[in-house]
Structure formats: structure tokens, C-alpha cells
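Written below as C-alpha cells is the structure these notes are about.
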Amino acid sequence: MITLRSAREIEAIRRSGKITAAVLTVLMQMARPGMATRELDRIAERGIRERGGVPTFKGYRGFPASVCVSVNDEVVHGIPGTYVLRDGDLLSIDLGTTLDGYVSDSAITIGVGTVSQPAQQLLDVTQECLMLGVAKMRSGAHVGDIGAAVQEHAERHGYGVVRELVGHGVGREMHEEPQVPNYGRRGSGPLLRPGLVLAVEPMITQGDRAIVIREDGWTVVTADGKLAAHFEHTIVVTERGPRILTLREVGEHPSAEAFRPDAERNMAAL
């Protein structure tokens, strides 16, 4: 069942999203060569709880951490641990916050230290995929419009679009209806109406779109070992268009502006 949220509920998700965005910005700032990924998990859990929230991911279906940390060929759901970040790594950070019973979910991929030009292009295009998908979240459009926009932009650059993992509705639970694939046909799927809150999250691969799951049962990696990137926002459809509820603050991180184009600022102002 697809649930449309009231103004009160949207405000509750926005407050949750503010915590998610703030903690994600801190993690962007702290990530550096020489840091073990489990340190990012410790910082994330402390940051969420200090702000009054609860880490949504911790214990979800048995997931052992508060944040997903995926490196290089890891697409999503990486478990923080002993891996030590190196200069040139691509680092995907995905986290969720539950506050007063409402959930927000956001993710970003950054370069650790100095990354190669091909890696930076993958980051740029994947974020562009996210924002092109978000721009389709207007009343009267369809879920398929989001996926089509993501797919067309990624494939135009020669990248793969993961099919097995999708975005989703979000609100009282982390995963609600409808599913939001990152591929599809324009005009297909459920109708978008004001009050619908979605987590849109392109997962884009540098090579083939095929994925496998590691023996830990969680970490999703590219089958060909090439790089992957993942960006995500929680967004609500309004009468005036999409409104991002997990916007990060410019100025909290030296490269934060690179991940907050004008389109994000405009959507946040609705």
C-alpha cells in the first residue's frame, strides 16, 4: 500500500532528515586515508544518538552496524570493519535515522584523497542521475519517469545501472511501497501525488551492471570488479514539485558544495 504523508508527518521526516544530513556531512569530513571504516560507524552512531535519533540500519534484518560503508567495487551494504581507507578510494556512505517514529535515508559517494579522472566522472554522473531522477518527482508524473531519467543519463555515458536493488517509499519504515527502480519506461508505474515520500538512490557501475553478494550476506559488489557509485536523497512530492528532505549544509565540509548543486538548493526551498 502506498501512503501519502500529512504535513505533520512530512515535517517529522524533515527533522529526521536534518540529522541524517548533518551526520553524513561529518562523515564526509572525517573520512581520510589511514582511517579504518569501523571508525566511520562509531562516529555515525554517536552523531545520530547525540542529535536525538536512532540509527535505522543497526539491527535491521540483522545488519550489524549503524552505517553502510562501501569501497571501490562495493556497490552498497558494505559492513564497516578493519579495511583502512587509501588515497584514491571511492567511498560510499549510506545511513538512515529514525526520529519520533519517522525515517530518513541518504547516501553519498566521495573520493578519498585524490581520485582518478575516470573515478571522478563516475561520481559526477551518478549524482547527476540522482538529480535528474528527483526532478521528475512532480505531481501527475509516474515512478517510471524517475527510473527512465536515471537510466538514460547513466547509459549515455556508458555506465551500468544496477537492476536488482531499487529505491523505495520511506516514512514509518525504511522500506515502504512503492519500489523505485533506477531504470524503466516513462509514463509507467504508480502515479506520483503530493505527500508521497521516496528515497531515490541510483547505483551506477563503471562497467557491466551485473552484481554479486559476498559471503557476509550483505556486501554487494560489481561482478567485473570495476568501480561503483551510490547517491541517495529522501524527497517528498509537493504541489510545487520535489522537496529534498535530507539536504546537507554547505560550509560544513570543504567539498560539500560539490555535492549540492543549484537544483538541490532550489528543491529544498519549496
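All residue names refer to the C-alpha cells as shown: chains lettered A, B, ... in order, residues numbered from 1 in each chain, ligands numbered from 1 in order.
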Worksheet item: So which residues touch A:Asp87 within 12 Å, counting only C-alpha atoms, skipping near sequence neighbours fewer than 4 positions away, as JSON, numbers by chain?
Response: {"A": [31, 32, 33, 34, 35, 71, 72, 91, 110, 111, 112, 113, 114, 115, 116]}
Discussion item. So that I can see what lies close to A:Asp41, please list as a PyMOL selection string the residues with an atom at most 8 Å from it, counting only C-alpha atoms and leaving out residues fewer than 2 positions away in the same chain.
Written reply: chain A and resi 37-39+43-45+65-67+80
So that I can see what lies close to A:Gly241, please list as a PDB file with C-alpha atoms, in the first residue's frame the residues with an atom at most 9 Å from it, counting only C-alpha atoms and leaving out residues fewer than 3 positions away in the same chain.
ATOM      1  CA  ALA A 135      13.471  16.472 -10.944  1.00  0.00           C
ATOM      2  CA  LYS A 136      10.848  14.042 -12.300  1.00  0.00           C
ATOM      3  CA  MET A 137       9.102  13.853  -8.913  1.00  0.00           C
ATOM      4  CA  ARG A 138       6.191  16.093  -9.820  1.00  0.00           C
ATOM      5  CA  SER A 139       2.514  15.541  -9.193  1.00  0.00           C
ATOM      6  CA  PRO A 194       1.626  15.298  -3.230  1.00  0.00           C
ATOM      7  CA  VAL A 236       8.659  14.485  -0.925  1.00  0.00           C
ATOM      8  CA  VAL A 237       6.372  15.307  -3.844  1.00  0.00           C
ATOM      9  CA  THR A 238       4.646  18.657  -3.267  1.00  0.00           C
ATOM     10  CA  MET A 267      14.181  21.901  -4.393  1.00  0.00           C
ATOM     11  CA  LEU A 270       9.937  24.616  -1.855  1.00  0.00           C
TER      12      LEU A 270
END
Worksheet item: atom CA of A:Ala12 to atom CA of A:Arg46: how many Å, to one decimal?
Response: 20.9 Å
Worksheet entry | Spatial neighbours of A:Asp105, 9 Å, only C-alpha atoms, chain gap at least 4 places, as a VMD selection string | chain A and resid 16 to 17 20 to 21 56 94 to 97 170 174 199 232 to 234 246
Would you output that residue set with N, CA and C atoms, as a PDB file, in the first residue's frame?
ATOM      1  N   SER A  16      13.999  14.316  10.929  1.00  0.00           N
ATOM      2  CA  SER A  16      14.872  13.145  10.855  1.00  0.00           C
ATOM      3  C   SER A  16      15.929  13.342   9.783  1.00  0.00           C
ATOM      4  N   GLY A  17      15.507  13.872   8.634  1.00  0.00           N
ATOM      5  CA  GLY A  17      16.440  14.097   7.530  1.00  0.00           C
ATOM      6  C   GLY A  17      17.527  15.092   7.866  1.00  0.00           C
ATOM      7  N   THR A  20      20.147  13.064   9.582  1.00  0.00           N
ATOM      8  CA  THR A  20      20.845  12.238   8.594  1.00  0.00           C
ATOM      9  C   THR A  20      21.828  13.070   7.790  1.00  0.00           C
ATOM     10  N   ALA A  21      21.392  14.233   7.327  1.00  0.00           N
ATOM     11  CA  ALA A  21      22.249  15.099   6.514  1.00  0.00           C
ATOM     12  C   ALA A  21      23.446  15.601   7.307  1.00  0.00           C
ATOM     13  N   THR A  56      18.811   3.817  12.072  1.00  0.00           N
ATOM     14  CA  THR A  56      17.798   2.934  11.492  1.00  0.00           C
ATOM     15  C   THR A  56      18.399   1.618  11.037  1.00  0.00           C
ATOM     16  N   ASP A  94      26.188   5.310   3.415  1.00  0.00           N
ATOM     17  CA  ASP A  94      24.724   5.265   3.390  1.00  0.00           C
ATOM     18  C   ASP A  94      24.239   5.136   4.822  1.00  0.00           C
ATOM     19  N   LEU A  95      23.345   6.044   5.232  1.00  0.00           N
ATOM     20  CA  LEU A  95      22.839   5.946   6.601  1.00  0.00           C
ATOM     21  C   LEU A  95      21.384   6.398   6.687  1.00  0.00           C
ATOM     22  N   GLY A  96      20.738   5.929   7.726  1.00  0.00           N
ATOM     23  CA  GLY A  96      19.355   6.310   7.981  1.00  0.00           C
ATOM     24  C   GLY A  96      19.166   6.659   9.443  1.00  0.00           C
ATOM     25  N   THR A  97      18.204   7.536   9.700  1.00  0.00           N
ATOM     26  CA  THR A  97      17.875   7.968  11.065  1.00  0.00           C
ATOM     27  C   THR A  97      16.389   7.761  11.319  1.00  0.00           C
ATOM     28  N   VAL A 170       9.455   5.769   1.857  1.00  0.00           N
ATOM     29  CA  VAL A 170      10.043   5.856   3.195  1.00  0.00           C
ATOM     30  C   VAL A 170       9.122   6.702   4.069  1.00  0.00           C
ATOM     31  N   MET A 174      11.700   1.943   6.897  1.00  0.00           N
ATOM     32  CA  MET A 174      12.754   2.318   5.961  1.00  0.00           C
ATOM     33  C   MET A 174      12.394   1.925   4.534  1.00  0.00           C
ATOM     34  N   ALA A 199      12.684   7.524  -1.343  1.00  0.00           N
ATOM     35  CA  ALA A 199      14.150   7.523  -1.337  1.00  0.00           C
ATOM     36  C   ALA A 199      14.591   7.114  -2.733  1.00  0.00           C
ATOM     37  N   GLU A 232      21.919   9.119  -2.814  1.00  0.00           N
ATOM     38  CA  GLU A 232      20.520   8.959  -2.390  1.00  0.00           C
ATOM     39  C   GLU A 232      20.055  10.179  -1.605  1.00  0.00           C
ATOM     40  N   HIS A 233      18.815  10.544  -1.832  1.00  0.00           N
ATOM     41  CA  HIS A 233      18.124  11.533  -1.019  1.00  0.00           C
ATOM     42  C   HIS A 233      16.724  11.013  -0.672  1.00  0.00           C
ATOM     43  N   THR A 234      16.186  11.523   0.423  1.00  0.00           N
ATOM     44  CA  THR A 234      14.766  11.361   0.745  1.00  0.00           C
ATOM     45  C   THR A 234      14.048  12.614   0.271  1.00  0.00           C
ATOM     46  N   THR A 246      16.681  15.675   2.923  1.00  0.00           N
ATOM     47  CA  THR A 246      17.973  15.256   3.501  1.00  0.00           C
ATOM     48  C   THR A 246      19.109  16.102   2.935  1.00  0.00           C
TER      49      THR A 246
END
Item to complete: Please give the complete set of residues from stretch 2-194 of chain A that DSSP, run on the backbone, assigns to strand (DSSP E or B), formatted as a ChimeraX atom specification.
Response: /A:2,36,54-55,67-71,74-76,84,90-99,102-111,142,160-161,167-169,176-180,191
Could you pull the residues within 7 Å of A:Ile48, counting only C-alpha atoms, minus those fewer than 6 positions along the same chain, as a compact mmCIF listing (two decimals) with C-alpha atoms, in the first residue's frame?
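After the write, out.txt holds the following:
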# COMPACT_ATOMS: atom_id res chain seq x y z
CA ILE A 19 20.03 14.60 11.45
CA VAL A 23 25.88 13.19 10.30
CA VAL A 54 18.25 6.21 16.48
CA PRO A 55 20.40 4.55 13.75
CA THR A 97 17.88 7.97 11.07
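Considering only C-alpha atoms, the residue among A:Met131, A:Val75, A:Ile93, A:Ile13 positioned nearest to A:Val162 is A:Val75.
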Worksheet item: Can you tell me, as a list in words, what residues are no more than 10 Å from A:Thr222 when counting only C-alpha atoms, ignoring any on the same chain fewer than 6 positions away?
Response: Asn72, Asp73, Glu74, Val75, Val76, Gly160, Val162, Ile204, Thr205, Gln206, Gly207, Asp208, Arg209, Ala210, Ile211, Val212, Ile213 and Ala228 of chain A
Could you turn the residues from that selection into a file that holds C-alpha atoms, as a compact mmCIF listing (two decimals), in the first residue's frame?
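That gives us again-v5.txt:
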# COMPACT_ATOMS: atom_id res chain seq x y z
CA ASN A 72 35.52 0.91 -4.78
CA ASP A 73 33.80 -2.13 -6.38
CA GLU A 74 31.38 -2.43 -3.44
CA VAL A 75 28.04 -1.08 -4.62
CA VAL A 76 26.06 -0.97 -1.36
CA GLY A 160 25.72 0.16 -15.98
CA VAL A 162 22.00 -1.97 -11.17
CA ILE A 204 25.73 3.06 -11.08
CA THR A 205 28.63 0.87 -12.21
CA GLN A 206 31.67 1.80 -14.24
CA GLY A 207 31.43 -1.42 -16.23
CA ASP A 208 28.82 -4.15 -16.53
CA ARG A 209 25.71 -3.82 -14.36
CA ALA A 210 25.96 -7.39 -13.01
CA ILE A 211 26.42 -7.72 -9.24
CA VAL A 212 27.20 -10.45 -6.72
CA ILE A 213 26.83 -10.67 -2.93
CA ALA A 228 30.53 1.71 -8.42
Worksheet entry | Backbone-only DSSP, alpha helix (DSSP H) members of stretch 114-257 of chain A, as a PyMOL selection string | chain A and resi 117-135+143-156
Once you have the residues from the selection above, write them out as a tab-separated table (two decimals), in the first residue's frame, restricted to N, CA and C atoms.
chain	number	residue	atom	x	y	z
A	117	GLN	N	40.64	10.67	-12.80
A	117	GLN	CA	39.62	11.36	-13.58
A	117	GLN	C	38.45	10.44	-13.92
A	118	PRO	N	38.69	9.17	-14.35
A	118	PRO	CA	37.55	8.30	-14.60
A	118	PRO	C	36.68	8.06	-13.37
A	119	ALA	N	37.31	7.94	-12.21
A	119	ALA	CA	36.54	7.76	-10.98
A	119	ALA	C	35.71	9.00	-10.67
A	120	GLN	N	36.31	10.18	-10.85
A	120	GLN	CA	35.57	11.42	-10.60
A	120	GLN	C	34.40	11.56	-11.56
A	121	GLN	N	34.58	11.15	-12.79
A	121	GLN	CA	33.47	11.23	-13.74
A	121	GLN	C	32.32	10.34	-13.32
A	122	LEU	N	32.64	9.14	-12.81
A	122	LEU	CA	31.59	8.25	-12.32
A	122	LEU	C	30.82	8.91	-11.18
A	123	LEU	N	31.52	9.57	-10.26
A	123	LEU	CA	30.85	10.28	-9.17
A	123	LEU	C	29.94	11.37	-9.73
A	124	ASP	N	30.46	12.17	-10.64
A	124	ASP	CA	29.70	13.29	-11.19
A	124	ASP	C	28.43	12.80	-11.89
A	125	VAL	N	28.58	11.79	-12.72
A	125	VAL	CA	27.43	11.30	-13.49
A	125	VAL	C	26.40	10.66	-12.57
A	126	THR	N	26.85	9.95	-11.55
A	126	THR	CA	25.89	9.30	-10.65
A	126	THR	C	25.10	10.34	-9.88
A	127	GLN	N	25.75	11.41	-9.43
A	127	GLN	CA	24.98	12.46	-8.76
A	127	GLN	C	24.02	13.14	-9.72
A	128	GLU	N	24.46	13.34	-10.95
A	128	GLU	CA	23.57	13.91	-11.95
A	128	GLU	C	22.37	13.01	-12.18
A	129	CYS	N	22.59	11.69	-12.18
A	129	CYS	CA	21.48	10.74	-12.30
A	129	CYS	C	20.47	10.95	-11.19
A	130	LEU	N	20.97	11.09	-9.96
A	130	LEU	CA	20.08	11.33	-8.83
A	130	LEU	C	19.24	12.58	-9.06
A	131	MET	N	19.89	13.68	-9.40
A	131	MET	CA	19.17	14.94	-9.52
A	131	MET	C	18.20	14.95	-10.70
A	132	LEU	N	18.55	14.25	-11.78
A	132	LEU	CA	17.63	14.14	-12.91
A	132	LEU	C	16.41	13.31	-12.52
A	133	GLY	N	16.63	12.27	-11.72
A	133	GLY	CA	15.50	11.48	-11.23
A	133	GLY	C	14.62	12.27	-10.29
A	134	VAL	N	15.25	12.99	-9.36
A	134	VAL	CA	14.49	13.82	-8.41
A	134	VAL	C	13.64	14.85	-9.15
A	135	ALA	N	14.19	15.44	-10.20
A	135	ALA	CA	13.47	16.47	-10.94
A	135	ALA	C	12.17	15.95	-11.56
A	143	VAL	N	6.33	6.84	-11.37
A	143	VAL	CA	7.59	6.31	-10.85
A	143	VAL	C	8.53	5.95	-12.00
A	144	GLY	N	7.98	5.42	-13.09
A	144	GLY	CA	8.81	5.06	-14.23
A	144	GLY	C	9.56	6.23	-14.82
A	145	ASP	N	9.04	7.44	-14.66
A	145	ASP	CA	9.74	8.63	-15.17
A	145	ASP	C	11.06	8.84	-14.45
A	146	ILE	N	11.08	8.52	-13.15
A	146	ILE	CA	12.31	8.66	-12.36
A	146	ILE	C	13.37	7.70	-12.88
A	147	GLY	N	13.00	6.42	-12.97
A	147	GLY	CA	13.95	5.42	-13.42
A	147	GLY	C	14.44	5.65	-14.84
A	148	ALA	N	13.54	6.09	-15.71
A	148	ALA	CA	13.94	6.34	-17.10
A	148	ALA	C	14.98	7.45	-17.17
A	149	ALA	N	14.80	8.50	-16.38
A	149	ALA	CA	15.76	9.61	-16.38
A	149	ALA	C	17.12	9.15	-15.90
A	150	VAL	N	17.14	8.34	-14.84
A	150	VAL	CA	18.41	7.81	-14.32
A	150	VAL	C	19.09	6.93	-15.35
A	151	GLN	N	18.34	5.99	-15.87
A	151	GLN	CA	18.89	5.02	-16.82
A	151	GLN	C	19.45	5.70	-18.07
A	152	GLU	N	18.68	6.61	-18.63
A	152	GLU	CA	19.11	7.26	-19.87
A	152	GLU	C	20.43	8.02	-19.68
A	153	HIS	N	20.55	8.72	-18.55
A	153	HIS	CA	21.77	9.51	-18.33
A	153	HIS	C	22.97	8.61	-18.07
A	154	ALA	N	22.79	7.57	-17.28
A	154	ALA	CA	23.90	6.66	-16.98
A	154	ALA	C	24.37	5.94	-18.24
A	155	GLU	N	23.44	5.40	-18.99
A	155	GLU	CA	23.81	4.62	-20.16
A	155	GLU	C	24.36	5.50	-21.27
A	156	ARG	N	23.96	6.75	-21.29
A	156	ARG	CA	24.53	7.69	-22.26
A	156	ARG	C	26.04	7.84	-22.06
Worksheet item: What separation in Å, quoted to one decimal, exists between atom CA of A:His142 and atom CA of A:Gly189?
Response: 5.7 Å
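Atom CA of A:Leu245 is positioned 14.7 Å from atom CA of A:His168.
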Discussion item. Which residues are near A:Met1? Cut-off 12 Å, only C-alpha atoms, ignore same chain within fewer than 2 positions. Put them as a PyMOL selection string.
Written reply: chain A and resi 3-4+169+175-179+190+196
